[in-house]
Each structure stands twice: as structure tokens, then as C-alpha cells.
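This report concerns only the one structure given below.
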Amino acid sequence: MVSLIKDSVGILPAGALGVSFFYHLTNQLTQVDDQIYFLERRNSGSSQFLKTSGEIVIANKETINYLPTTKILKPDLLSCYQLGFLPEIVIICPNPDQLLSVITTTVELLILISEQGELLQPEIPFPYLILSSNGIYFQRFRQIFIEKIEEATLFGRLPDLWPDIMPRIVSRFLRGVTIQTGVREGSKGDTIYRPGPRGRTQITGGDLISRERCCEILSAKGAWFELAPNVSPTRIEFDKALVNLSANLLGQLMSIDAQGNFKVLTIGDILANSHQPEIRELASHVFKVGQMIKVYGKDENFEVILDQLMETSHVHASHIPSSIQWVDTKIRQGTLEPEMTPTEAWLIEPLIRYAKASELEDTVNYFESLKNQLIEKLTLATIRN
């Protein structure tokens with residue numbers, strides 16, 4: 001019988017955020033062992049390249065560390081199960097547009113577990129899944145997860161899991177809303193990862209027992225994980241969306257001038273007083289949508305939310321937002337194209353959908369205008385560079 005490896009953590013994949021989690025979960029690389037490792041994403045070209053290169057390069061202020069992939073990179077989840085081991089926790093943090101394929105893999109894992117007759121065991125060998133990519137998506141992907149399980153049941157690949165087993169499975173589907181930062185420099189063989197300072201990740205979703213178990217394991221390893229307040233996962237996503245949109249979307253608009261010239265900006269640069277009106281306007285529209293879908297209370301004070309946004313952002317004032325890093329890298333590689341990154345898409349598109357459903361025409365127009373402005377600026381930068 002396959003069992004979960006107690007206290008172990010698999011990180012999927014080895015990207016900028018994943019490497020930052022790895023760095024802090026190993027106490028800044030001082031405790032690299034079989035308990036913390038990366039997992040391949042199925043059919044991922046980048047995973048294949050990592051195996052070929054033979055190492056992951058992680059730099060801090062003092063040194064550059066070359067970590068052999070043979071020690072810290074494990075196969076995908078299905079292969080791990082077939083080889084007889086699975087991590088107790090999987091932190092899932094690819095680009096948001098890659099989450100669907102990961103969820104598909106987790107359902108295929110359930111099918112394998114069922115084929116081995118292990119779904120009826122008191123302890124199902126199914127990991128806690130913590131979705132930590134940026135975006136507003138948890139409720140949608142949890143529903144997709146359930147629908148894919150139901151579809152597998154319909155086609156006879158899984159037994160009927162209601163009413164006993166399904167709640168136990170869904171209780172392990174969690175959201176980790178994080179302000180952990182990290183930088184990826186270079187590409188392919190020249191890639192160096194530079195983890196940011198230890199940042200907070202709030203665990204929500206699932207059930208209380210699952211959340212507490214994950215926080216217990218992850219906190220004990222040195223990273224900053226904590227239970228989210230007793231509010232919906234979408235509320236935590238909205239709070240984080242305010243930070244991401246201010247830093248990444250507005251940051252890109254501010255970093256490209258009218259002639260297409262690009263300048264790297266930190267969060268501190270973006271928060272400069274001259275840009276306060278833009279940040280306030282953005283936050284007010286997000287807040288308005290949040291109130292309409294009951295994420296924020298009717299009597300909740302916008303000024304308090306805005307103050308929290310500014311406080312969180314100032315803590316990371318020296319950080320270069322990930323989307324600005326993305327533009328900088330694309331320009332240096334000569335591959336910049338006028339399109340939004342998945343991070344912006346998985347923030348803006350849900351907000352537009354919610355605003356339309358709430359008949360907030362001005363807010364829909366505002367977010368559509370932001371999208372158009374961003375594409376125009378990226379077009380100018382593409383031509384210029």
C-alpha cells in the first residue's frame with residue numbers, strides 16, 4: 001500500500017515562486033533533504049530541460065548555490081505514486097493558465113489510487129493540494145476539480161464517491177494566497193533564481209483540520225505560513241489582487257513611456273506620491289466589485305482596505321514586480337509581444353466577469369480600458385525594442 005511521506009512537501013514547479021518557497025522551507029538551503037523537493041509538471045518542457053541541465057542555481061546575498069536536480073527534482077505526481085511515494089503536501093504554483101492541466105493530473109492520481117483499491121482506506125494516499133499561483137480563481141477551479149471527478153465517475157473510471165469519500169477529498173483542496181517574492185534572471189542554461197525575503201502565505205479553503213495540518217508542517221520548516229482569517233478564499237484573493245494589480249498592471253503602464261521606452265521600476269517607485277490617484281482608482285473599482293459579490297461587507301470601509309494595500313506594498317518597496325521582470329526579460333531576449341501575462345489575465349478577466357454580472361458598467365469599462373492601455377504600451381515597447 002502506498003502512503004504519504006509524512007511531513008514532506010512537493011513544490012510544483014521549479015519557477016521563481018516555487019524556488020522561493022523551497023529556499024525558505026529549507027531554512028535558506030541549510031536543510032536540503034528528502035523532505036522538500038520539486039515535482040515535475042506532466043509533459044512540461046521546462047522540467048525536461050532542468051533534468052538535462054542537471055542543476056538549479058539559487059543565489060542569495062552571500063553566494064550562488066548549485067543544487068543537483070538528481071537530489072531535489074522528483075517525477076510528476078502520477079509517477080511518484082507508481083514509484084511508491086507521495087508528498088504529504090503539494091504546493092502548486094505554475095502560471096495560472098497551467099493550473100487546469102495540474103488539476104487534471106490530480107484527478108488522474110485519484111483514478112490510480114482507486115484502481116489500486118486504496119480510496120476506501122481510512123487514510124487515503126492523496127496529498128493536500130495548496131494552489132498558490134496569483135489570481136482570482138479558487139472557487140472556479142474547485143468546481144472544475146469536482147466536475148472532473150464526477151466526469152470520471154460517469155465514465156466508470158471512479159466509483160461514486162458521495163456522500164462519504166468526496167468531502168474528504170475536497171477538504172484537501174486548499175488555497176495559499178502569498179506575498180512571497182522571487183526573481184528569475186536569465187533563461188534556460190543561464191537561469192539564476194533569487195528568492196525574496198520570507199513572505200507570508202495565508203492558507204484558506206478546504207477544512208480546518210487540513211489547514212491546520214498544512215500550517216503545522218510548513219511553519220515548522222521555517223517558512224511563513226499561517227491560517228487565513230475566517231473569511232472566504234475569494235476575499236483573500238481580492239485582497240491580494242489589489243497588491244498584484246497595483247504593482248504588476250499599473251507598474252507596467254508606468255514603466256513604459258509614450259515612446260515605448262522601458263524602465264525597470266520597483267514597488268517603491270510605483271507607490272510614489274505622483275501615482276497615488278491611479279492606485280486609489282484601481283482599488284476603488286476592485287472594492288466595488290467585491291462588495292457586489294459579498295466579498296467585502298456592505299458597511300466595510302474602503303479607506304481601511306486601501307491602507308492595508310499600501311502597508312503591504314510598502315513592506316516590499318524594493319521588490320521589482322514579476323510582470324515588470326517579465327517585460328524586462330522579454331525585451332532583452334528580443335521576444336516581447338503585446339499580450340498580457342497570465343497573472344494579469346487571471347486577475348482582470350474574473351473582475352470583468354463579476355462586474356458584468358453585477359451590472360457595474362463603469363467598472364467594466366474601467367478594466368477594459370486598463371487592458372487596452374496595457375496592450376498599447378506593450379505594442380509601443382515591442383516596436384521600440
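Labels for the C-alpha cells follow display order: chains A, B, ..., residues from 1 in each chain, ligands from 1.
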List the spatial neighbours of region 52-66 of chain A as a ChimeraX atom specification - criterion: any atom at most 7 Å away, only C-alpha atoms, same-chain residues fewer than 2 positions off excluded. /A:48-50,68-69,189,191-194
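Here CA of His314 (chain A) and CA of His285 (chain A) stand 21.1 Å from one another.
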Within 12 Å of region 163-182 of chain A, which residues of region 239-342 of chain A show up? Give each one with its shortest atom-to-atom distance in Å (one decimal) and the two atoms involved, counting only C-alpha atoms, rows by chain then rising residue number, as a tab-separated table.
```
residue	atom	partner	partner_atom	distance
A:Asp239	CA	A:Val177	CA	9.3
A:Lys240	CA	A:Val177	CA	7.2
A:Ala241	CA	A:Val177	CA	9.9
A:Leu242	CA	A:Ile179	CA	11.7
A:Val243	CA	A:Ile179	CA	8.8
A:Asn244	CA	A:Ile179	CA	9.2
A:Ala247	CA	A:Ile179	CA	11.8
A:Ile267	CA	A:Thr181	CA	11.8
A:Leu309	CA	A:Ile179	CA	11.7
A:Thr312	CA	A:Ile179	CA	8.6
A:Ser313	CA	A:Ile179	CA	9.5
A:Val315	CA	A:Ile179	CA	10.1
A:His316	CA	A:Thr181	CA	8.6
A:Ala317	CA	A:Thr181	CA	11.5
A:Ser318	CA	A:Thr181	CA	10.9
A:His319	CA	A:Thr181	CA	7.7
A:Ile320	CA	A:Thr181	CA	9.1
A:Pro321	CA	A:Thr181	CA	8.5
A:Ser322	CA	A:Gly182	CA	8.0
A:Ser323	CA	A:Gly182	CA	11.7
A:Gln325	CA	A:Gly182	CA	10.3
```
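Contact shell of region 332-338 of chain A at 10 Å (only C-alpha atoms; same-chain neighbours under 2 positions omitted): Gly186, Ser187, Trp326, Val327, Asp328, Thr329, Lys330, Met340, Thr341, Leu374, Ile375, Glu376, Lys377, Leu378, Thr379, Leu380, Ala381, Thr382, Ile383 and Asn385 of chain A.
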Any idea what's packed within 7 Å of Phe367 (chain A), counting only C-alpha atoms, ignoring anything in its chain fewer than 4 positions away? Could you give it as a list in words? Ile348, Ile352, Thr363 and Lys371 of chain A
Best match for closeness to Ser369 (chain A) among A:Leu253, A:Leu99, A:Leu78, A:Ala152, counting only C-alpha atoms: A:Leu253
Near Cys215 (chain A), within 6 Å and counting only C-alpha atoms, which residues show up once chain neighbours fewer than 4 positions away are dropped, as a ChimeraX atom specification? /A:219,225-226
Contacts of region 142-222 of chain A with region 16-21 of chain A up to 6 Å, shortest pair per row, only C-alpha atoms, as CSV:
```
residue,atom,partner,partner_atom,distance
A:Gly182,CA,A:Ala16,CA,5.3
A:Val183,CA,A:Ala16,CA,5.6
A:Arg184,CA,A:Ala16,CA,5.4
A:Pro195,CA,A:Ser20,CA,4.5
```
